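J.: Attaching a single structure in structure tokens format; questions to follow.
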Amino acid sequence: MKCLIADDEQLILRDIKRTAAKVLGENTEFFEACNSDEVFSLIQKYDIPIVFLDIEIPFISGLEIAARLQKLKPRTNIIFVTGHEQYALDALSMYVSGFLMKPVSEAAMRKAVENLRYPIPKLMVKCFGHFEVLYDGKPVDFKRSMCKEVFAYLIDKRGAFVSEDEIRYLLWSEEEDTDKKKRYVRNIISDLRAGLKACDMEDVIINNNKSGYAVRTDQISCDFYDYLDGKLSPDKVNLSRYMEQFSWGIRPDSVE
């Protein structure tokens, strides 16, 4: 996910960024702006769902910036950050996502992010029944069918690293392990990342040169994980249909 922080005071900007990293996660891609021109340049170039915006900023006020952003990118979550309480009424009358006073506490920022006016779409993974990957309610398009199977396997491992050797065995079982297959696994991972990148979710896949690949479970909304966490009761799912299109799927009721 991308986030823009706009403030003309560098020390304050860095403080806000440190706090935002704790709230949004270290894998958030942050952009910085110190004036209105930089804000509009970044907003037009990138799809940025959250903007922390100082009200007193060159060259036009944060209130005017927000008014223009609401027309330019109407689903942008604008959270005002200021040291001046007198702006509160004007800011909130614009129906923005939040109004925070400097210095910004982690608790206050977390509450604002949890109550965004325009919730950030999540990567949704459906494991019970036919395995599906959705973003903003739409299926994620993967170039190869094997991309989907490898992603399903990583989901099944719940954040544990999977080596390239294990992925090759998953796909080709006892067949001879060749250099061609090794290259093909890397191509599958590359195409998997490309499919996720199209919805700005490529960071879901972690790559460790020594350990292999894993998923960031905290960035995924998954019925399997909800079941394991007790958020989804067994009577709401058909456990026997767990990832039913893959022969390697293990019934969740056997997972400790």
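Just remember, in the structure tokens the first chain shown is A, the second B, etc., residues are 1-based per chain, and ligands are 1-based in the order shown.
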Quick one: residues within 8 Å of Lys122 in chain A, only C-alpha atoms, excluding same-chain residues fewer than 3 positions away - as a PyMOL selection string?
T.: chain A and resi 135-136+219-221
J.: Go ahead and dump the residues you just picked, N, CA and C atoms, as a short mmCIF file (atom, residue, chain, number, x, y, z; two decimals), in the first residue's frame.
T.:
data_model
loop_
_atom_site.label_atom_id
_atom_site.label_comp_id
_atom_site.auth_asym_id
_atom_site.auth_seq_id
_atom_site.Cartn_x
_atom_site.Cartn_y
_atom_site.Cartn_z
N TYR A 135 -9.42 -9.34 -5.29
CA TYR A 135 -9.03 -8.02 -4.82
C TYR A 135 -10.14 -7.04 -5.16
N ASP A 136 -10.63 -6.37 -4.14
CA ASP A 136 -11.76 -5.45 -4.31
C ASP A 136 -12.94 -6.16 -4.97
N GLN A 219 -1.41 -9.38 5.77
CA GLN A 219 -1.90 -8.56 4.66
C GLN A 219 -2.98 -9.28 3.85
N ILE A 220 -3.45 -10.38 4.38
CA ILE A 220 -4.42 -11.21 3.65
C ILE A 220 -5.66 -11.45 4.52
N SER A 221 -6.81 -11.31 3.91
CA SER A 221 -8.06 -11.70 4.56
C SER A 221 -8.42 -13.08 4.01
#
J.: What lies within 6 Å of range 97-110 of chain A using only C-alpha atoms, ignoring chain neighbours under 6 positions off, as number ranges by chain?
T.: A: 19, 23, 77-83, 116-117
J.: Looking at only C-alpha atoms, which of A:Met124, A:Leu63, A:Phe161, A:Asp7 is the one that sits closest to Tyr87 in chain A?
T.: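 Of the candidates, the smallest distance to Tyr87 in chain A is held by A:Leu63.
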J.: So which residues touch Val125 in chain A within 12 Å, counting only C-alpha atoms, skipping near sequence neighbours fewer than 2 positions away, as a PyMOL selection string?
T.: chain A and resi 122-123+127-140+148+151-152+154-156+215+217+219-226+243
J.: Quick one: write out the picked residues with N, CA and C atoms as a short mmCIF file (atom, residue, chain, number, x, y, z; two decimals), in the first residue's frame?
T.:
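Saved the output as out-v6.cif:
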data_model
loop_
_atom_site.label_atom_id
_atom_site.label_comp_id
_atom_site.auth_asym_id
_atom_site.auth_seq_id
_atom_site.Cartn_x
_atom_site.Cartn_y
_atom_site.Cartn_z
N LYS A 122 -8.82 -5.12 0.33
CA LYS A 122 -7.88 -6.15 0.79
C LYS A 122 -7.81 -7.31 -0.21
N LEU A 123 -6.73 -8.02 -0.11
CA LEU A 123 -6.60 -9.25 -0.87
C LEU A 123 -7.40 -10.32 -0.13
N CYS A 127 -10.43 -20.32 0.63
CA CYS A 127 -9.83 -21.65 0.63
C CYS A 127 -10.85 -22.78 0.67
N PHE A 128 -12.02 -22.52 1.24
CA PHE A 128 -13.04 -23.57 1.35
C PHE A 128 -13.88 -23.60 0.08
N GLY A 129 -13.82 -24.73 -0.60
CA GLY A 129 -14.41 -24.84 -1.91
C GLY A 129 -13.31 -24.64 -2.94
N HIS A 130 -13.64 -24.03 -4.05
CA HIS A 130 -12.65 -23.77 -5.08
C HIS A 130 -11.76 -22.61 -4.63
N PHE A 131 -10.45 -22.83 -4.62
CA PHE A 131 -9.52 -21.78 -4.18
C PHE A 131 -9.63 -20.57 -5.10
N GLU A 132 -9.82 -19.37 -4.49
CA GLU A 132 -9.95 -18.16 -5.26
C GLU A 132 -9.18 -17.03 -4.58
N VAL A 133 -8.65 -16.12 -5.40
CA VAL A 133 -7.96 -14.92 -4.91
C VAL A 133 -8.66 -13.71 -5.49
N LEU A 134 -9.15 -12.84 -4.62
CA LEU A 134 -9.93 -11.68 -5.05
C LEU A 134 -9.31 -10.39 -4.51
N TYR A 135 -9.42 -9.34 -5.29
CA TYR A 135 -9.03 -8.02 -4.82
C TYR A 135 -10.14 -7.04 -5.16
N ASP A 136 -10.63 -6.37 -4.14
CA ASP A 136 -11.76 -5.45 -4.31
C ASP A 136 -12.94 -6.16 -4.97
N GLY A 137 -13.12 -7.42 -4.60
CA GLY A 137 -14.25 -8.21 -5.08
C GLY A 137 -14.08 -8.83 -6.45
N LYS A 138 -12.91 -8.60 -7.11
CA LYS A 138 -12.70 -9.12 -8.44
C LYS A 138 -11.56 -10.14 -8.44
N PRO A 139 -11.67 -11.20 -9.26
CA PRO A 139 -10.60 -12.21 -9.30
C PRO A 139 -9.27 -11.61 -9.76
N VAL A 140 -8.21 -12.00 -9.09
CA VAL A 140 -6.87 -11.58 -9.49
C VAL A 140 -6.45 -12.43 -10.69
N LYS A 148 -1.41 -19.77 -9.44
CA LYS A 148 -2.48 -19.88 -8.45
C LYS A 148 -2.24 -21.04 -7.50
N PHE A 151 0.58 -20.11 -5.10
CA PHE A 151 0.08 -19.16 -4.11
C PHE A 151 -0.79 -19.88 -3.08
N ALA A 152 -1.61 -20.82 -3.54
CA ALA A 152 -2.44 -21.60 -2.63
C ALA A 152 -1.57 -22.37 -1.64
N LEU A 154 1.46 -21.58 -0.64
CA LEU A 154 2.05 -20.63 0.31
C LEU A 154 1.02 -20.19 1.36
N ILE A 155 -0.22 -20.02 0.92
CA ILE A 155 -1.30 -19.70 1.87
C ILE A 155 -1.46 -20.83 2.88
N ASP A 156 -1.44 -22.06 2.39
CA ASP A 156 -1.59 -23.23 3.24
C ASP A 156 -0.48 -23.31 4.29
N VAL A 215 4.22 -16.03 2.51
CA VAL A 215 3.23 -14.95 2.41
C VAL A 215 3.19 -14.18 3.73
N THR A 217 0.95 -13.07 6.20
CA THR A 217 -0.42 -13.43 6.57
C THR A 217 -1.22 -12.23 7.05
N GLN A 219 -1.41 -9.38 5.77
CA GLN A 219 -1.90 -8.56 4.66
C GLN A 219 -2.98 -9.28 3.85
N ILE A 220 -3.45 -10.38 4.38
CA ILE A 220 -4.42 -11.21 3.65
C ILE A 220 -5.66 -11.45 4.52
N SER A 221 -6.81 -11.31 3.91
CA SER A 221 -8.06 -11.70 4.56
C SER A 221 -8.42 -13.08 4.01
N CYS A 222 -8.42 -14.09 4.88
CA CYS A 222 -8.53 -15.48 4.42
C CYS A 222 -9.49 -16.27 5.31
N ASP A 223 -10.42 -16.99 4.69
CA ASP A 223 -11.37 -17.78 5.47
C ASP A 223 -10.67 -18.90 6.24
N PHE A 224 -9.61 -19.47 5.69
CA PHE A 224 -8.84 -20.51 6.37
C PHE A 224 -8.21 -19.96 7.64
N TYR A 225 -7.59 -18.80 7.55
CA TYR A 225 -6.97 -18.19 8.72
C TYR A 225 -8.03 -17.80 9.76
N ASP A 226 -9.17 -17.32 9.28
CA ASP A 226 -10.26 -16.97 10.21
C ASP A 226 -10.75 -18.22 10.95
N MET A 243 -9.63 -26.25 -0.37
CA MET A 243 -8.81 -26.19 -1.59
C MET A 243 -9.06 -27.42 -2.46
#
J.: Taking the DSSP secondary structure from the backbone, can you list the residues of range 40-123 of chain A that are alpha helix (DSSP H), as a PyMOL selection string?
T.: chain A and resi 40-45+62-72+88-92+106-114
J.: Can I get the selected residues back with C-alpha atoms, as an mmCIF file, in the first residue's frame?
T.:
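The resulting file, selection27.cif, is shown below:
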data_model
loop_
_atom_site.group_PDB
_atom_site.id
_atom_site.type_symbol
_atom_site.label_atom_id
_atom_site.label_comp_id
_atom_site.auth_asym_id
_atom_site.auth_seq_id
_atom_site.Cartn_x
_atom_site.Cartn_y
_atom_site.Cartn_z
ATOM 1 C CA PHE A 40 -0.399 17.094 -6.715
ATOM 2 C CA SER A 41 2.570 15.748 -8.652
ATOM 3 C CA LEU A 42 2.634 12.560 -6.566
ATOM 4 C CA ILE A 43 -1.146 12.117 -6.490
ATOM 5 C CA GLN A 44 -1.337 12.326 -10.283
ATOM 6 C CA LYS A 45 1.547 9.891 -10.736
ATOM 7 C CA GLY A 62 -4.107 22.029 3.181
ATOM 8 C CA LEU A 63 -7.831 22.785 3.138
ATOM 9 C CA GLU A 64 -7.614 23.928 -0.490
ATOM 10 C CA ILE A 65 -5.415 20.946 -1.357
ATOM 11 C CA ALA A 66 -8.025 18.628 0.149
ATOM 12 C CA ALA A 67 -10.849 20.294 -1.793
ATOM 13 C CA ARG A 68 -8.958 19.785 -5.050
ATOM 14 C CA LEU A 69 -8.013 16.199 -4.171
ATOM 15 C CA GLN A 70 -11.643 15.352 -3.511
ATOM 16 C CA LYS A 71 -12.404 16.321 -7.109
ATOM 17 C CA LEU A 72 -9.254 14.840 -8.628
ATOM 18 C CA ALA A 88 -11.166 21.400 13.118
ATOM 19 C CA LEU A 89 -14.653 22.551 12.102
ATOM 20 C CA ASP A 90 -13.630 23.484 8.550
ATOM 21 C CA ALA A 91 -11.708 20.233 8.164
ATOM 22 C CA LEU A 92 -14.435 17.938 9.462
ATOM 23 C CA GLU A 106 0.104 6.048 17.599
ATOM 24 C CA ALA A 107 -3.263 5.389 19.260
ATOM 25 C CA ALA A 108 -4.910 8.405 17.581
ATOM 26 C CA MET A 109 -3.510 7.527 14.171
ATOM 27 C CA ARG A 110 -4.510 3.886 14.512
ATOM 28 C CA LYS A 111 -8.078 4.896 15.335
ATOM 29 C CA ALA A 112 -8.212 7.172 12.280
ATOM 30 C CA VAL A 113 -6.867 4.425 10.016
ATOM 31 C CA GLU A 114 -9.331 1.879 11.410
#
J.: Work out how far CA of Arg144 in chain A is from CA of Ser190 in chain A, in Å to one decimal.
T.: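 That distance, rounded to one decimal, is 10.6 Å.
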